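Structure file upload-v3.cif (mmCIF, C-alpha atoms) follows.
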data_final
loop_
_atom_site.label_atom_id
_atom_site.label_comp_id
_atom_site.auth_asym_id
_atom_site.auth_seq_id
_atom_site.Cartn_x
_atom_site.Cartn_y
_atom_site.Cartn_z
CA MET A 1 3.51 -15.01 46.04
CA GLN A 2 3.66 -17.77 43.47
CA ARG A 3 1.83 -16.91 40.28
CA TYR A 4 -0.56 -19.36 38.69
CA PRO A 5 0.94 -20.84 35.51
CA GLY A 6 -0.01 -18.61 32.63
CA TYR A 7 -1.09 -15.70 34.84
CA PRO A 8 1.31 -12.85 33.98
CA PRO A 9 1.72 -9.69 36.01
CA PRO A 10 -0.43 -6.87 34.68
CA ARG A 11 1.22 -4.41 32.36
CA ARG A 12 2.75 -1.54 34.23
CA LYS A 13 0.63 1.50 33.61
CA ARG A 14 1.68 5.11 33.77
CA PRO A 15 1.96 6.31 37.35
CA PRO A 16 -1.41 7.44 38.73
CA SER A 17 -1.95 11.15 39.09
CA ILE A 18 -1.39 11.05 42.86
CA VAL A 19 2.01 9.47 42.32
CA LYS A 20 2.89 12.06 39.70
CA LEU A 21 1.94 14.83 42.08
CA ALA A 22 4.01 13.28 44.83
CA LEU A 23 7.03 13.00 42.55
CA ILE A 24 6.60 16.59 41.39
CA ALA A 25 6.26 17.78 44.97
CA THR A 26 9.38 15.85 45.94
CA GLY A 27 11.37 17.36 43.11
CA ALA A 28 10.07 20.83 43.87
CA GLY A 29 10.98 20.43 47.53
CA VAL A 30 14.49 19.29 46.72
CA LEU A 31 15.09 22.05 44.17
CA THR A 32 13.66 24.72 46.42
CA THR A 33 15.73 23.50 49.33
CA ALA A 34 18.84 23.54 47.17
CA ALA A 35 18.05 27.02 45.90
CA PHE A 36 17.64 28.41 49.38
CA GLY A 37 20.31 26.27 50.90
CA ARG A 38 22.83 29.06 50.46
CA THR A 39 20.68 31.43 52.45
CA VAL A 40 19.41 29.12 55.17
CA ALA A 41 20.21 31.69 57.80
CA ALA A 42 18.09 34.26 56.00
CA HIS A 43 15.15 31.90 55.32
CA PRO A 44 15.11 29.18 57.99
CA VAL A 45 11.32 28.79 58.06
CA LEU A 46 10.98 28.46 54.28
CA THR A 47 13.82 25.98 54.13
CA ALA A 48 12.30 23.87 56.91
CA LEU A 49 8.91 23.96 55.17
CA CYS A 50 10.40 22.75 51.89
CA LEU A 51 12.17 19.89 53.66
CA VAL A 52 8.95 18.85 55.39
CA LEU A 53 6.98 18.96 52.13
CA GLY A 54 9.60 16.91 50.32
CA LEU A 55 9.74 14.30 53.07
CA ALA A 56 5.94 14.09 53.23
CA ALA A 57 5.76 13.59 49.47
CA ILE A 58 8.32 10.79 49.56
CA ILE A 59 6.51 9.03 52.42
CA GLY A 60 3.13 9.40 50.71
CA CYS A 61 4.44 8.11 47.39
CA SER A 62 6.11 5.11 49.05
CA TYR A 63 2.92 4.26 50.95
CA TYR A 64 0.79 4.47 47.81
CA LEU A 65 3.14 2.26 45.80
CA ALA A 66 3.15 -0.29 48.64
CA ARG A 67 -0.65 -0.33 48.53
CA LEU A 68 -0.59 -0.93 44.78
CA ALA A 69 1.79 -3.88 45.24
CA GLU A 70 -0.49 -5.31 47.95
CA ARG A 71 -3.51 -5.02 45.66
CA GLU A 72 -1.64 -6.88 42.92
CA ARG A 73 -0.74 -9.70 45.32
CA HIS A 74 -4.36 -9.92 46.44
CA ALA A 75 -5.60 -9.99 42.84
CA ILE A 76 -3.21 -12.84 41.97
CA PHE A 77 -4.29 -14.81 45.04
CA GLU A 78 -7.96 -14.30 44.20
CA ALA A 79 -7.42 -15.28 40.56
CA ASN A 80 -5.57 -18.44 41.61
CA SER A 81 -8.41 -19.41 43.92
CA ARG A 82 -11.09 -18.86 41.32
CA LEU A 83 -9.22 -20.72 38.59
CA GLU A 84 -8.93 -23.69 40.93
CA VAL A 85 -12.72 -23.62 41.37
CA VAL A 86 -13.20 -23.47 37.60
CA ASP A 87 -10.95 -26.49 37.16
CA ARG A 88 -13.36 -28.51 39.31
CA MET A 89 -16.48 -27.53 37.36
CA THR A 90 -18.31 -29.70 34.89
CA GLY A 91 -18.72 -28.43 31.35
CA THR A 92 -22.31 -27.37 32.09
CA GLN A 93 -21.33 -25.57 35.28
CA PHE A 94 -18.59 -23.74 33.38
CA GLU A 95 -21.08 -22.54 30.76
CA GLU A 96 -23.45 -21.30 33.47
CA HIS A 97 -20.57 -19.51 35.19
CA ILE A 98 -19.53 -17.75 32.00
CA ALA A 99 -23.15 -16.71 31.48
CA GLU A 100 -23.16 -15.15 34.95
CA LEU A 101 -19.97 -13.23 34.15
CA LEU A 102 -21.66 -11.83 31.03
CA ARG A 103 -24.69 -10.74 33.04
CA ARG A 104 -22.43 -9.15 35.64
CA ASP A 105 -20.78 -7.08 32.91
CA GLY A 106 -24.01 -5.73 31.46
CA PHE A 107 -24.80 -8.30 28.76
CA THR A 108 -28.49 -8.94 28.25
CA ASP A 109 -30.65 -11.70 26.72
CA VAL A 110 -28.05 -14.19 27.95
CA ARG A 111 -29.10 -17.71 27.00
CA VAL A 112 -27.20 -20.90 27.78
CA LEU A 113 -27.72 -23.33 24.91
CA GLY A 114 -25.22 -26.12 25.50
CA GLY A 115 -25.85 -29.77 24.69
CA ALA A 116 -25.94 -31.52 21.36
CA GLY A 117 -28.37 -29.05 19.82
CA ASP A 118 -26.40 -25.89 20.46
CA ARG A 119 -25.49 -25.62 16.76
CA GLY A 120 -21.93 -24.63 17.55
CA ALA A 121 -22.35 -22.07 20.34
CA ASP A 122 -22.89 -22.59 24.06
CA ILE A 123 -24.17 -19.11 24.92
CA THR A 124 -25.82 -16.27 23.04
CA ALA A 125 -26.23 -12.76 24.40
CA ARG A 126 -26.29 -9.08 23.56
CA ASP A 127 -23.48 -6.82 24.67
CA PRO A 128 -24.16 -3.49 26.45
CA ASP A 129 -24.56 -1.90 23.00
CA ARG A 130 -27.21 -4.53 22.10
CA LYS A 131 -25.01 -6.21 19.51
CA PRO A 132 -25.37 -10.02 19.31
CA VAL A 133 -22.61 -12.24 20.65
CA ALA A 134 -22.09 -16.00 20.45
CA VAL A 135 -19.84 -17.74 22.98
CA GLN A 136 -18.16 -21.14 22.89
CA CYS A 137 -16.96 -22.56 26.23
CA LYS A 138 -14.41 -25.34 26.75
CA ARG A 139 -13.25 -26.48 30.17
CA TRP A 140 -10.57 -28.86 28.94
CA SER A 141 -7.35 -30.09 30.49
CA LYS A 142 -5.36 -29.44 27.29
CA PRO A 143 -5.10 -26.37 25.04
CA ILE A 144 -7.73 -25.86 22.36
CA GLY A 145 -6.41 -26.52 18.87
CA ALA A 146 -7.05 -24.96 15.48
CA PRO A 147 -9.76 -27.49 14.45
CA GLU A 148 -12.02 -26.45 17.34
CA VAL A 149 -11.53 -22.79 16.50
CA ARG A 150 -12.32 -23.44 12.83
CA ASN A 151 -15.49 -25.32 13.81
CA PHE A 152 -16.67 -22.35 15.86
CA ILE A 153 -15.88 -19.93 13.05
CA GLY A 154 -17.92 -22.15 10.74
CA ALA A 155 -20.84 -22.05 13.16
CA LEU A 156 -20.64 -18.25 13.31
CA ASN A 157 -20.76 -18.04 9.52
CA ALA A 158 -23.51 -20.61 9.06
CA THR A 159 -25.81 -20.30 12.07
CA TYR A 160 -24.88 -17.19 14.01
CA ASP A 161 -24.31 -14.76 11.17
CA GLY A 162 -23.92 -11.22 12.47
CA HIS A 163 -22.79 -12.39 15.92
CA ARG A 164 -19.36 -11.56 17.23
CA GLY A 165 -17.60 -14.65 18.48
CA VAL A 166 -15.99 -15.28 21.86
CA PHE A 167 -14.18 -18.56 22.59
CA VAL A 168 -13.51 -19.17 26.29
CA ALA A 169 -11.09 -21.95 27.23
CA SER A 170 -9.88 -22.57 30.78
CA SER A 171 -6.89 -24.46 29.37
CA GLY A 172 -5.84 -21.89 26.77
CA PHE A 173 -5.15 -22.23 23.06
CA THR A 174 -2.40 -23.49 20.82
CA ARG A 175 -0.44 -21.07 18.66
CA GLN A 176 -2.19 -22.39 15.54
CA ALA A 177 -5.59 -21.79 17.15
CA ALA A 178 -4.62 -18.22 17.98
CA GLU A 179 -3.55 -17.63 14.38
CA GLU A 180 -6.87 -18.95 13.07
CA ALA A 181 -8.81 -16.71 15.43
CA ALA A 182 -6.79 -13.63 14.49
CA LEU A 183 -7.70 -14.05 10.83
CA CYS A 184 -11.40 -13.81 11.61
CA GLY A 185 -11.42 -11.32 14.47
CA LEU A 186 -12.49 -13.98 16.97
CA LEU A 187 -11.89 -13.08 20.61
CA LEU A 188 -10.04 -15.82 22.51
CA VAL A 189 -10.31 -15.82 26.30
CA ASP A 190 -7.38 -17.96 27.46
CA ARG A 191 -6.41 -18.89 31.00
CA PRO A 192 -4.74 -15.61 32.08
CA HIS A 193 -7.49 -13.62 30.34
CA LEU A 194 -10.10 -15.74 32.16
CA ALA A 195 -8.33 -15.13 35.48
CA ARG A 196 -8.63 -11.38 35.01
CA TRP A 197 -12.26 -11.73 33.93
CA LEU A 198 -13.08 -13.76 37.02
CA THR A 199 -11.66 -11.04 39.27
CA GLY A 200 -13.68 -8.23 37.73
CA THR A 201 -12.01 -7.10 34.48
CA PRO A 202 -14.63 -7.29 31.70
CA ILE A 203 -13.76 -8.80 28.35
CA SER A 204 -13.17 -6.35 25.52
CA LEU A 205 -14.95 -7.33 22.33
CA PRO A 206 -13.34 -6.45 18.98
#

In structure tokens, what does this structure look like?
Amino acid sequence: MQRYPGYPPPRRKRPPSIVKLALIATGAGVLTTAAFGRTVAAHPVLTALCLVLGLAAIIGCSYYLARLAERERHAIFEANSRLEVVDRMTGTQFEEHIAELLRRDGFTDVRVLGGAGDRGADITARDPDRKPVAVQCKRWSKPIGAPEVRNFIGALNATYDGHRGVFVASSGFTRQAAEEAALCGLLLVDRPHLARWLTGTPISLP
């Protein structure tokens, strides 16, 4: 399946425990079979049992890995579809949608400010630990640059002191913007990060 531009495959994690068990069982079956292979005549039942266990483990492991690959393809398809919907939203609709994602993930006191009087933040909320958060949302067609990030950092320092900052941009950020954000501990939610958020992976605040 074609991946949406900027949507990378998820990092490969360590094999799940069921896969580890299957691999261990396969290895044990092979080693046991080899060990008793010299005395097959003396232990035909045990040898047959080991072969069956090894084959079952291989089949089970292959099936589970195929299911994982299918889930990844489904997740990419779903992310593509949802990003396309986001691209058709107005700025106000995008802010409301981000607010709903925050509520879904356990944020409380979620308020959409928006407009000319937002004083530099589009949304304020409290994370699941009740710590204040300020969110800036941009549904642009071009990457967000360093000036916009600096403006938001200024708003956090002047108006939203004590709030952790989250900058969400459907178009992503320039390298300079990312460098500015890193200096201040600002969380940037770029296009691939947004795709994962849309499909159920909560954002991780610093």

Just so the selection is clear, what residues does the PyMOL selection byres ((chain A and resi 121-137) around 7) cover here, as a PyMOL selection string? chain A and resi 95+106-114+118-120+138-139+163-169

Between atom CA of Glu179 of chain A and atom CA of Met89 of chain A, what is the distance in Å, rounded to a tenth?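 For atom CA of Glu179 of chain A relative to atom CA of Met89 of chain A, the distance reads 28.2 Å.
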
So how far away is atom CA of Leu205 of chain A from atom CA of Lys142 of chain A, in Å?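 Going from atom CA of Lys142 of chain A over to atom CA of Leu205 of chain A, I get 24.6 Å.
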
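Among A:Gly200, A:Gly162, A:Pro206, A:Gly154, the residue with the shortest atom-to-atom distance to Ala182 of chain A, counting only C-alpha atoms, is A:Pro206.
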
Residues near segment 174-176 of chain A, cut-off 8 Å, only C-alpha atoms, skip fewer than 6 positions along chain, as JSON, numbers by chain: {"A": [143, 144, 145, 146]}

Atom CA of Asn157 of chain A and atom CA of Arg196 of chain A, how far apart in Å?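 About the pair atom CA of Arg196 of chain A and atom CA of Asn157 of chain A: they are 29.0 Å apart.
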
Return the single residue from A:Trp140, A:Ile59, A:Trp197, A:Asp105 that is closest to Thr90 of chain A, with distances computed using all atoms listed in the file. A:Trp140
